[in-house]
file final_37.txt (compact mmCIF, C-alpha atoms)
# COMPACT_ATOMS: atom_id res chain seq x y z
CA MET M 1 34.83 2.76 33.59
CA THR M 2 31.58 4.12 32.23
CA GLU M 3 30.62 2.55 28.89
CA LYS M 4 30.52 5.05 26.06
CA LYS M 5 27.06 5.29 24.54
CA ASP M 6 26.68 5.49 20.74
CA PHE M 7 23.82 7.76 19.87
CA GLN M 8 23.09 10.91 17.89
CA LEU M 9 21.94 14.09 19.55
CA SER M 10 20.93 15.82 16.32
CA CYS M 11 18.09 14.98 13.96
CA PRO M 12 19.51 13.65 10.63
CA ILE M 13 16.76 15.40 8.65
CA PRO M 14 17.68 19.09 8.16
CA ILE M 15 15.59 20.86 10.79
CA SER M 16 15.91 24.10 8.84
CA GLU M 17 13.75 22.50 6.14
CA TYR M 18 11.30 20.37 8.16
CA PRO M 19 11.36 21.33 11.86
CA HIS M 20 8.00 19.66 12.44
CA ILE M 21 6.14 16.60 11.19
CA LEU M 22 3.96 17.47 8.19
CA LEU M 23 0.94 15.62 6.85
CA ALA M 24 3.14 14.87 3.85
CA HIS M 25 5.42 12.76 6.07
CA GLY M 26 2.61 10.17 6.03
CA GLY M 27 1.73 10.52 2.37
CA GLY M 28 3.81 7.70 0.91
CA GLY M 29 6.08 10.02 -1.07
CA ARG M 30 9.66 11.23 -0.79
CA LEU M 31 9.19 12.86 2.63
CA MET M 32 7.77 9.68 4.15
CA HIS M 33 10.57 7.67 2.55
CA GLN M 34 13.08 10.08 4.09
CA LEU M 35 11.46 9.74 7.52
CA LEU M 36 11.72 5.94 7.32
CA GLU M 37 15.25 5.80 5.97
CA LYS M 38 16.82 8.41 8.26
CA ILE M 39 15.01 7.96 11.56
CA ILE M 40 12.80 4.88 11.90
CA VAL M 41 14.72 2.08 10.14
CA PRO M 42 18.14 3.00 11.65
CA ALA M 43 16.60 3.08 15.13
CA PHE M 44 15.22 -0.46 14.89
CA SER M 45 17.61 -1.96 12.35
CA ASN M 46 17.29 -5.72 11.79
CA GLU M 47 17.16 -8.16 8.88
CA ALA M 48 13.36 -8.36 8.62
CA LEU M 49 12.88 -4.60 8.73
CA GLU M 50 15.61 -3.89 6.20
CA ALA M 51 13.97 -6.16 3.62
CA ARG M 52 11.69 -3.15 2.87
CA HIS M 53 8.71 -5.47 2.48
CA ASP M 54 5.02 -4.85 3.17
CA GLY M 55 5.36 -7.10 6.21
CA ALA M 56 8.05 -8.89 8.20
CA VAL M 57 8.84 -12.44 7.08
CA LEU M 58 9.83 -14.46 10.17
CA ASN M 59 11.05 -18.04 10.63
CA LEU M 60 9.60 -19.55 13.81
CA GLN M 61 10.29 -23.23 14.50
CA ASN M 62 10.30 -24.24 10.82
CA THR M 63 7.21 -22.16 10.06
CA ARG M 64 7.47 -19.05 7.92
CA LEU M 65 5.18 -16.29 9.14
CA ALA M 66 4.33 -12.89 7.74
CA PHE M 67 3.54 -10.21 10.34
CA THR M 68 2.35 -6.67 9.67
CA THR M 69 0.49 -3.73 11.19
CA ASP M 70 -1.16 -0.55 9.91
CA SER M 71 -3.23 2.34 11.24
CA TYR M 72 -6.23 3.93 9.53
CA VAL M 73 -7.16 7.59 9.89
CA VAL M 74 -9.20 8.13 6.71
CA LYS M 75 -11.52 11.11 6.48
CA PRO M 76 -14.48 10.80 5.88
CA LEU M 77 -15.14 7.51 7.69
CA PHE M 78 -17.60 6.38 5.01
CA PHE M 79 -17.10 6.91 1.27
CA PRO M 80 -18.34 5.38 -2.01
CA GLY M 81 -17.04 1.83 -2.23
CA GLY M 82 -15.88 1.46 1.37
CA ASP M 83 -15.33 2.78 4.89
CA ILE M 84 -12.63 2.86 7.54
CA GLY M 85 -13.60 -0.62 8.80
CA ALA M 86 -13.22 -2.38 5.45
CA LEU M 87 -10.00 -0.45 4.79
CA ALA M 88 -8.54 -1.59 8.11
CA VAL M 89 -9.13 -5.26 7.32
CA TYR M 90 -8.25 -5.27 3.63
CA GLY M 91 -5.16 -3.08 4.08
CA THR M 92 -3.56 -5.49 6.53
CA VAL M 93 -4.73 -8.57 4.62
CA ASN M 94 -3.14 -7.12 1.47
CA ASP M 95 0.17 -6.41 3.22
CA LEU M 96 0.32 -10.07 4.28
CA ALA M 97 -0.61 -11.25 0.79
CA MET M 98 2.22 -9.15 -0.70
CA CYS M 99 4.62 -11.36 1.28
CA GLY M 100 3.07 -14.44 -0.33
CA ALA M 101 1.30 -15.33 2.92
CA ARG M 102 -2.20 -16.65 3.46
CA PRO M 103 -3.74 -14.19 5.99
CA LEU M 104 -5.17 -15.93 9.07
CA TYR M 105 -5.57 -13.73 12.15
CA LEU M 106 -5.98 -10.00 12.80
CA SER M 107 -6.03 -7.78 15.85
CA VAL M 108 -8.11 -4.59 15.94
CA GLY M 109 -7.37 -1.54 18.08
CA PHE M 110 -9.88 1.33 18.32
CA ILE M 111 -9.11 4.90 19.40
CA LEU M 112 -12.52 6.53 19.88
CA GLU M 113 -13.22 10.19 20.45
CA GLU M 114 -15.64 11.08 23.25
CA GLY M 115 -18.96 12.01 21.63
CA LEU M 116 -18.72 9.63 18.67
CA PRO M 117 -22.28 8.44 17.88
CA MET M 118 -22.71 4.83 19.01
CA GLU M 119 -24.45 4.05 15.71
CA THR M 120 -21.32 5.15 13.80
CA PHE M 121 -19.15 2.84 15.88
CA TRP M 122 -21.62 -0.02 15.39
CA LYS M 123 -21.52 0.46 11.60
CA VAL M 124 -17.71 0.40 11.58
CA VAL M 125 -17.63 -2.78 13.69
CA GLN M 126 -20.16 -4.47 11.40
CA SER M 127 -18.09 -3.48 8.37
CA ILE M 128 -14.99 -5.02 9.98
CA ARG M 129 -16.92 -8.24 10.65
CA LYS M 130 -18.14 -8.45 7.06
CA ALA M 131 -14.71 -7.63 5.58
CA ALA M 132 -13.04 -10.26 7.77
CA GLU M 133 -15.52 -12.88 6.53
CA THR M 134 -14.87 -11.86 2.92
CA ALA M 135 -11.11 -12.05 3.36
CA GLY M 136 -11.22 -15.34 5.29
CA VAL M 137 -9.55 -14.02 8.44
CA GLN M 138 -10.53 -13.98 12.12
CA ILE M 139 -10.36 -11.05 14.53
CA VAL M 140 -8.75 -12.71 17.55
CA THR M 141 -7.67 -9.86 19.84
CA GLY M 142 -7.93 -6.12 20.17
CA ASP M 143 -7.97 -2.98 22.28
CA THR M 144 -10.21 0.06 22.84
CA LYS M 145 -9.23 3.50 24.10
CA VAL M 146 -11.34 6.68 24.37
CA VAL M 147 -9.77 10.14 24.14
CA ASP M 148 -11.24 13.51 25.16
CA HIS M 149 -13.65 15.30 22.87
CA GLY M 150 -11.64 17.36 20.39
CA LYS M 151 -8.51 15.21 20.83
CA GLY M 152 -9.32 12.74 18.06
CA ASP M 153 -11.24 12.68 14.82
CA GLY M 154 -14.14 10.37 15.59
CA ILE M 155 -12.40 7.02 15.26
CA PHE M 156 -8.95 5.71 14.36
CA VAL M 157 -8.37 1.99 13.77
CA ASN M 158 -5.18 -0.05 14.02
CA THR M 159 -4.97 -3.60 12.70
CA ALA M 160 -2.13 -6.11 12.88
CA GLY M 161 -2.10 -9.45 11.11
CA ILE M 162 -0.38 -12.81 10.89
CA GLY M 163 -0.31 -15.15 7.92
CA ILE M 164 1.55 -18.31 6.97
CA ILE M 165 3.84 -18.58 3.98
CA ALA M 166 3.08 -22.16 3.04
CA ARG M 167 5.46 -22.58 0.15
CA ASN M 168 9.18 -22.32 -0.24
CA ILE M 169 9.01 -18.97 -1.98
CA ASN M 170 10.95 -15.74 -1.73
CA ILE M 171 8.85 -12.77 -2.75
CA SER M 172 10.51 -9.44 -2.06
CA PRO M 173 11.58 -6.19 -3.77
CA ALA M 174 15.17 -7.47 -3.82
CA GLY M 175 14.00 -10.51 -5.82
CA VAL M 176 13.25 -8.50 -8.97
CA LYS M 177 15.53 -9.48 -11.86
CA VAL M 178 16.43 -8.12 -15.28
CA GLY M 179 14.00 -9.49 -17.86
CA ASP M 180 11.02 -9.66 -15.48
CA VAL M 181 7.62 -8.45 -16.63
CA VAL M 182 5.49 -5.97 -14.64
CA LEU M 183 1.76 -6.64 -14.35
CA LEU M 184 -0.84 -4.29 -12.86
CA SER M 185 -3.97 -5.93 -11.40
CA GLY M 186 -6.44 -3.26 -12.52
CA ASP M 187 -7.27 0.40 -13.12
CA ILE M 188 -5.64 2.96 -10.84
CA GLY M 189 -6.67 6.10 -8.98
CA ARG M 190 -10.21 5.26 -7.87
CA HIS M 191 -9.68 5.20 -4.09
CA GLY M 192 -7.97 8.57 -3.88
CA MET M 193 -10.49 10.27 -6.13
CA ALA M 194 -13.45 8.69 -4.30
CA ILE M 195 -12.10 10.12 -1.03
CA MET M 196 -11.49 13.52 -2.60
CA ALA M 197 -15.02 13.67 -4.07
CA ALA M 198 -16.65 12.62 -0.79
CA ARG M 199 -14.55 15.00 1.29
CA GLU M 200 -15.00 18.05 -0.89
CA GLY M 201 -18.57 17.37 -2.04
CA LEU M 202 -17.51 17.15 -5.67
CA ALA M 203 -20.03 15.75 -8.13
CA PHE M 204 -18.89 14.16 -11.38
CA GLU M 205 -21.01 12.69 -14.18
CA SER M 206 -20.73 9.26 -12.54
CA THR M 207 -19.88 8.33 -8.96
CA ILE M 208 -16.28 7.28 -8.46
CA GLU M 209 -16.10 4.28 -6.12
CA SER M 210 -13.03 3.15 -4.19
CA ASP M 211 -11.33 -0.05 -5.36
CA CYS M 212 -11.05 -1.17 -1.70
CA ALA M 213 -10.77 -5.01 -1.80
CA PRO M 214 -8.74 -7.97 -0.49
CA LEU M 215 -5.99 -9.24 -2.80
CA SER M 216 -5.08 -12.47 -1.03
CA GLU M 217 -7.20 -14.74 -3.24
CA PRO M 218 -5.67 -13.67 -6.59
CA VAL M 219 -2.20 -13.99 -5.04
CA MET M 220 -2.98 -17.50 -3.82
CA ASN M 221 -4.29 -18.37 -7.29
CA LEU M 222 -0.97 -17.32 -8.86
CA LEU M 223 1.04 -19.33 -6.36
CA ALA M 224 -1.18 -22.41 -6.72
CA ALA M 225 -0.64 -22.28 -10.51
CA GLY M 226 3.13 -22.40 -10.00
CA ILE M 227 3.82 -18.82 -11.11
CA GLU M 228 7.27 -17.77 -9.93
CA ILE M 229 6.45 -14.40 -8.41
CA ARG M 230 9.51 -12.18 -7.90
CA CYS M 231 7.82 -9.31 -6.10
CA LEU M 232 4.35 -8.06 -5.11
CA ARG M 233 3.39 -4.59 -3.92
CA ASP M 234 -0.06 -3.20 -3.20
CA LEU M 235 -0.59 0.37 -4.37
CA THR M 236 -1.70 2.57 -1.50
CA ARG M 237 -0.31 5.97 -0.52
CA GLY M 238 1.94 7.38 -3.20
CA GLY M 239 0.17 5.30 -5.87
CA LEU M 240 1.73 3.28 -8.67
CA ALA M 241 4.66 5.66 -9.15
CA SER M 242 5.97 5.57 -5.58
CA ALA M 243 5.62 1.78 -5.35
CA LEU M 244 7.67 1.25 -8.52
CA VAL M 245 10.36 3.72 -7.45
CA GLU M 246 10.74 1.94 -4.10
CA ILE M 247 11.11 -1.42 -5.87
CA ALA M 248 13.58 -0.02 -8.43
CA GLU M 249 15.74 1.48 -5.66
CA THR M 250 15.74 -1.74 -3.62
CA SER M 251 16.38 -4.09 -6.56
CA LYS M 252 18.90 -1.71 -8.24
CA CYS M 253 17.11 -2.33 -11.54
CA HIS M 254 15.54 -0.10 -14.20
CA ILE M 255 11.75 -0.42 -14.51
CA GLU M 256 10.26 0.82 -17.77
CA ILE M 257 6.46 1.22 -18.03
CA GLU M 258 4.13 2.16 -20.89
CA GLU M 259 1.61 4.94 -20.28
CA THR M 260 -0.87 3.53 -22.79
CA ALA M 261 -0.89 0.15 -21.02
CA ILE M 262 -1.92 1.57 -17.62
CA PRO M 263 -5.72 1.32 -17.18
CA VAL M 264 -7.48 4.40 -15.79
CA GLN M 265 -11.26 4.76 -15.77
CA GLU M 266 -12.54 7.68 -17.84
CA ASN M 267 -14.27 9.32 -14.86
CA VAL M 268 -11.07 9.10 -12.80
CA LYS M 269 -9.03 10.46 -15.68
CA GLY M 270 -11.45 13.37 -16.08
CA ALA M 271 -11.51 14.14 -12.36
CA CYS M 272 -7.70 14.11 -12.22
CA GLU M 273 -7.49 16.50 -15.16
CA ILE M 274 -9.96 18.91 -13.54
CA LEU M 275 -8.11 18.86 -10.20
CA GLY M 276 -4.61 18.83 -11.67
CA LEU M 277 -3.69 15.42 -10.23
CA ASP M 278 -1.63 12.64 -11.80
CA PRO M 279 -3.30 9.18 -11.57
CA LEU M 280 0.17 7.63 -11.19
CA TYR M 281 0.37 9.15 -7.70
CA VAL M 282 -3.25 8.73 -6.57
CA ALA M 283 -3.86 6.12 -3.85
CA ASN M 284 -5.46 2.72 -4.44
CA GLU M 285 -6.69 0.13 -1.91
CA GLY M 286 -7.31 -2.92 -4.08
CA ARG M 287 -4.56 -2.88 -6.68
CA MET M 288 -1.11 -4.44 -6.86
CA VAL M 289 1.86 -4.78 -9.16
CA VAL M 290 3.19 -8.26 -9.83
CA PHE M 291 6.74 -8.96 -11.07
CA VAL M 292 7.11 -12.35 -12.78
CA ARG M 293 9.45 -14.15 -15.17
CA ALA M 294 8.80 -13.34 -18.82
CA ALA M 295 7.88 -16.99 -19.39
CA ASP M 296 5.06 -16.73 -16.80
CA ALA M 297 3.68 -13.33 -17.84
CA GLU M 298 0.78 -14.38 -20.08
CA LYS M 299 -0.32 -17.17 -17.74
CA ALA M 300 -0.21 -14.80 -14.77
CA LEU M 301 -2.19 -12.19 -16.72
CA ALA M 302 -4.91 -14.73 -17.54
CA LEU M 303 -5.14 -15.81 -13.88
CA LEU M 304 -5.43 -12.22 -12.67
CA ARG M 305 -8.16 -11.44 -15.21
CA ALA M 306 -10.11 -14.51 -14.12
CA HIS M 307 -10.62 -12.94 -10.67
CA PRO M 308 -13.07 -10.04 -10.08
CA CYS M 309 -10.28 -7.93 -8.53
CA GLY M 310 -8.14 -8.35 -11.65
CA ALA M 311 -10.67 -8.08 -14.47
CA HIS M 312 -8.74 -5.17 -16.00
CA ALA M 313 -5.24 -6.47 -15.32
CA ALA M 314 -2.55 -5.54 -17.83
CA ILE M 315 1.13 -5.95 -18.61
CA ILE M 316 2.51 -2.45 -18.09
CA GLY M 317 6.29 -2.77 -18.28
CA HIS M 318 9.58 -4.62 -18.13
CA VAL M 319 12.71 -4.71 -15.99
CA HIS M 320 16.08 -3.74 -17.49
CA GLN M 321 19.67 -3.55 -16.31
CA ALA M 322 20.29 0.18 -16.69
CA PRO M 323 19.96 2.93 -15.74
CA ALA M 324 19.90 1.29 -12.31
CA SER M 325 17.43 2.22 -9.55
CA MET M 326 15.26 4.22 -11.91
CA VAL M 327 11.70 4.16 -13.26
CA THR M 328 10.92 5.59 -16.69
CA MET M 329 7.65 5.80 -18.60
CA LYS M 330 7.15 5.82 -22.35
CA SER M 331 4.42 8.37 -23.01
CA ARG M 332 1.54 8.23 -25.49
CA ILE M 333 3.60 10.20 -28.03
CA GLY M 334 6.62 7.92 -27.67
CA ALA M 335 8.74 10.16 -25.44
CA SER M 336 10.40 8.82 -22.30
CA ARG M 337 10.32 10.55 -18.91
CA ILE M 338 11.64 9.76 -15.46
CA VAL M 339 9.02 8.73 -12.88
CA ASP M 340 9.97 9.82 -9.36
CA MET M 341 8.29 9.75 -5.97
CA ILE M 342 6.06 12.68 -5.22
CA SER M 343 7.86 14.95 -2.75
CA GLY M 344 4.85 15.58 -0.54
CA GLU M 345 1.40 14.15 -1.11
CA GLN M 346 -1.56 14.89 -3.33
CA LEU M 347 -4.29 13.91 -0.85
CA PRO M 348 -3.87 13.63 2.94
CA ARG M 349 -5.75 11.18 5.20
CA ILE M 350 -6.75 8.77 2.43
CA CYS M 351 -6.37 5.52 4.41
call {"tool": "encode", "arguments": {"input": "final_37.txt", "output": "structure tokens"}}
result
Amino acid sequence: MTEKKDFQLSCPIPISEYPHILLAHGGGGRLMHQLLEKIIVPAFSNEALEARHDGAVLNLQNTRLAFTTDSYVVKPLFFPGGDIGALAVYGTVNDLAMCGARPLYLSVGFILEEGLPMETFWKVVQSIRKAAETAGVQIVTGDTKVVDHGKGDGIFVNTAGIGIIARNINISPAGVKVGDVVLLSGDIGRHGMAIMAAREGLAFESTIESDCAPLSEPVMNLLAAGIEIRCLRDLTRGGLASALVEIAETSKCHIEIEETAIPVQENVKGACEILGLDPLYVANEGRMVVFVRAADAEKALALLRAHPCGAHAAIIGHVHQAPASMVTMKSRIGASRIVDMISGEQLPRIC
């Protein structure tokens, strides 16, 4: 007898609404979330993937490893405060750090377009070398492919990384508990606005520089001090808002934040107002939210502020029981509004 196969012939996302992949499907908002939840995660379902973490936490012969990968397609390749090479290293290092792991080894894969100036490639490689030294990781393997002229966009970079979780800790979105305090490691919105200004040739009173940076050291400092971290999440595509909504939905808790407590540089705030963007949804590449016990909040805040990446860290909110799976924000005038994921994306190709 022929075994009956269990598979779907129809796409679970309504084709009448989105018959093709849009740029917004990679923007970190509701459409990307839908793509993950309805197509990708069900296809590869397993315990590590369903943890909804920044990386997979794996137990291999009594050693806990964190494993992650990411691809970088930012445009332009070079921008104030960073470039595609530094992004590729720090992005993967940060995903490992969000699992509580000490990053150790990275792979690098290049997809190069025929005609790319050799000097441009050399600069990207040198940036990767410098970023790896800064983050304390080694590039131990890689791959290079070249595609026809017009079939790429200069250079795309993929990095994968491995780190060791040295302590008996359990940091994950599901670990968030009622009563926890939410800390933000610094001001938000600089990376997205730096990309926008460089791409569109916009000139503001002062240059907006990306916050692109490795976060592993401040995370290790918190763990070494005995802070009981419930959850970590770096703020990339979709910004602060999308990260908090994902955590609220996974933990089934209510996260309440204070608008006045969220640091935003004046030049970023002004640029967002001019362009009609909300800093809550603008991408960052060197910022994270940290969920800790209330008893650890002030100590954790002091440790974050003692590191250059966390000089402007702040306590921005608290975790409550209800309404479950929701994020709300108390505004400057005392009103409360629901914070949701952005449906599409504000800025494409930002990392």
call {"tool": "atom_distance", "arguments": {"input": "final_37.txt", "atom1": "CA of Ala174 in chain M", "atom2": "CA of Met329 in chain M"}}
result
21.2 Å
call {"tool": "residues_around", "arguments": {"input": "final_37.txt", "residues": "Cys253 in chain M", "least_positions_apart": "6", "cutoff": "10 Å", "atoms": "only C-alpha atoms", "output": "MDAnalysis selection string"}}
result
chainID M and resid 174 176:178 245 247 319:327
call {"tool": "closest_atom_pairs", "arguments": {"input": "final_37.txt", "of": "range 166-284 of chain M", "to": "range 293-317 of chain M", "cutoff": "8 Å", "atoms": "all atoms listed in the file", "output": "tab-separated table"}}
result
residue	atom	partner	partner_atom	distance
M:Gly179	CA	M:Ala294	CA	6.5
M:Asp180	CA	M:Arg293	CA	4.8
M:Val181	CA	M:Ala294	CA	5.5
M:Val182	CA	M:Gly317	CA	4.9
M:Leu183	CA	M:Ile315	CA	4.4
M:Leu184	CA	M:Ala314	CA	5.4
M:Ser185	CA	M:Ala313	CA	4.2
M:Gly186	CA	M:Ala313	CA	4.4
M:Asp187	CA	M:His312	CA	6.4
M:Ala213	CA	M:Cys309	CA	7.4
M:Leu215	CA	M:Cys309	CA	7.3
M:Pro218	CA	M:Leu304	CA	6.3
M:Asn221	CA	M:Leu303	CA	7.1
M:Leu222	CA	M:Ala300	CA	6.5
M:Ile227	CA	M:Asp296	CA	6.2
M:Glu228	CA	M:Arg293	CA	6.7
M:Ile229	CA	M:Arg293	CA	7.4
M:Arg230	CA	M:Arg293	CA	7.5
M:Ile255	CA	M:Gly317	CA	7.0
M:Glu256	CA	M:Gly317	CA	5.4
M:Ile257	CA	M:Gly317	CA	4.0
M:Glu258	CA	M:Ile316	CA	5.6
M:Glu259	CA	M:Ile316	CA	7.8
M:Ala261	CA	M:Ile316	CA	5.2
M:Ile262	CA	M:Ile316	CA	6.0
M:Pro263	CA	M:His312	CA	7.3
call {"tool": "residues_near_point", "arguments": {"input": "final_37.txt", "point": "(1.6, 4.7, -0.8)", "cutoff": "6 Å", "atoms": "all atoms listed in the file", "output": "list of chain:residue names"}}
result
M:Gly28, M:Thr236, M:Arg237, M:Gly238, M:Gly239
call {"tool": "atom_distance", "arguments": {"input": "final_37.txt", "atom1": "CA of Arg349 in chain M", "atom2": "CA of Ile171 in chain M"}}
result
29.2 Å
call {"tool": "residues_around", "arguments": {"input": "final_37.txt", "residues": "Ala56 in chain M", "least_positions_apart": "6", "cutoff": "6 Å", "atoms": "all atoms listed in the file", "output": "MDAnalysis selection string"}}
result
chainID M and resid 48 66:67
call {"tool": "write_last_selection", "arguments": {"input": "final_37.txt", "atoms": "C-alpha atoms", "output": "compact mmCIF listing (two decimals), in the frame of the given file"}}
result
# COMPACT_ATOMS: atom_id res chain seq x y z
CA ALA M 48 13.36 -8.36 8.62
CA ALA M 66 4.33 -12.89 7.74
CA PHE M 67 3.54 -10.21 10.34
call {"tool": "closest_residue", "arguments": {"input": "final_37.txt", "among": "M:Ile208, M:Ala132, M:Ile274, M:Ile165", "to": "Gly100 in chain M", "atoms": "all atoms listed in the file"}}
result
M:Ile165
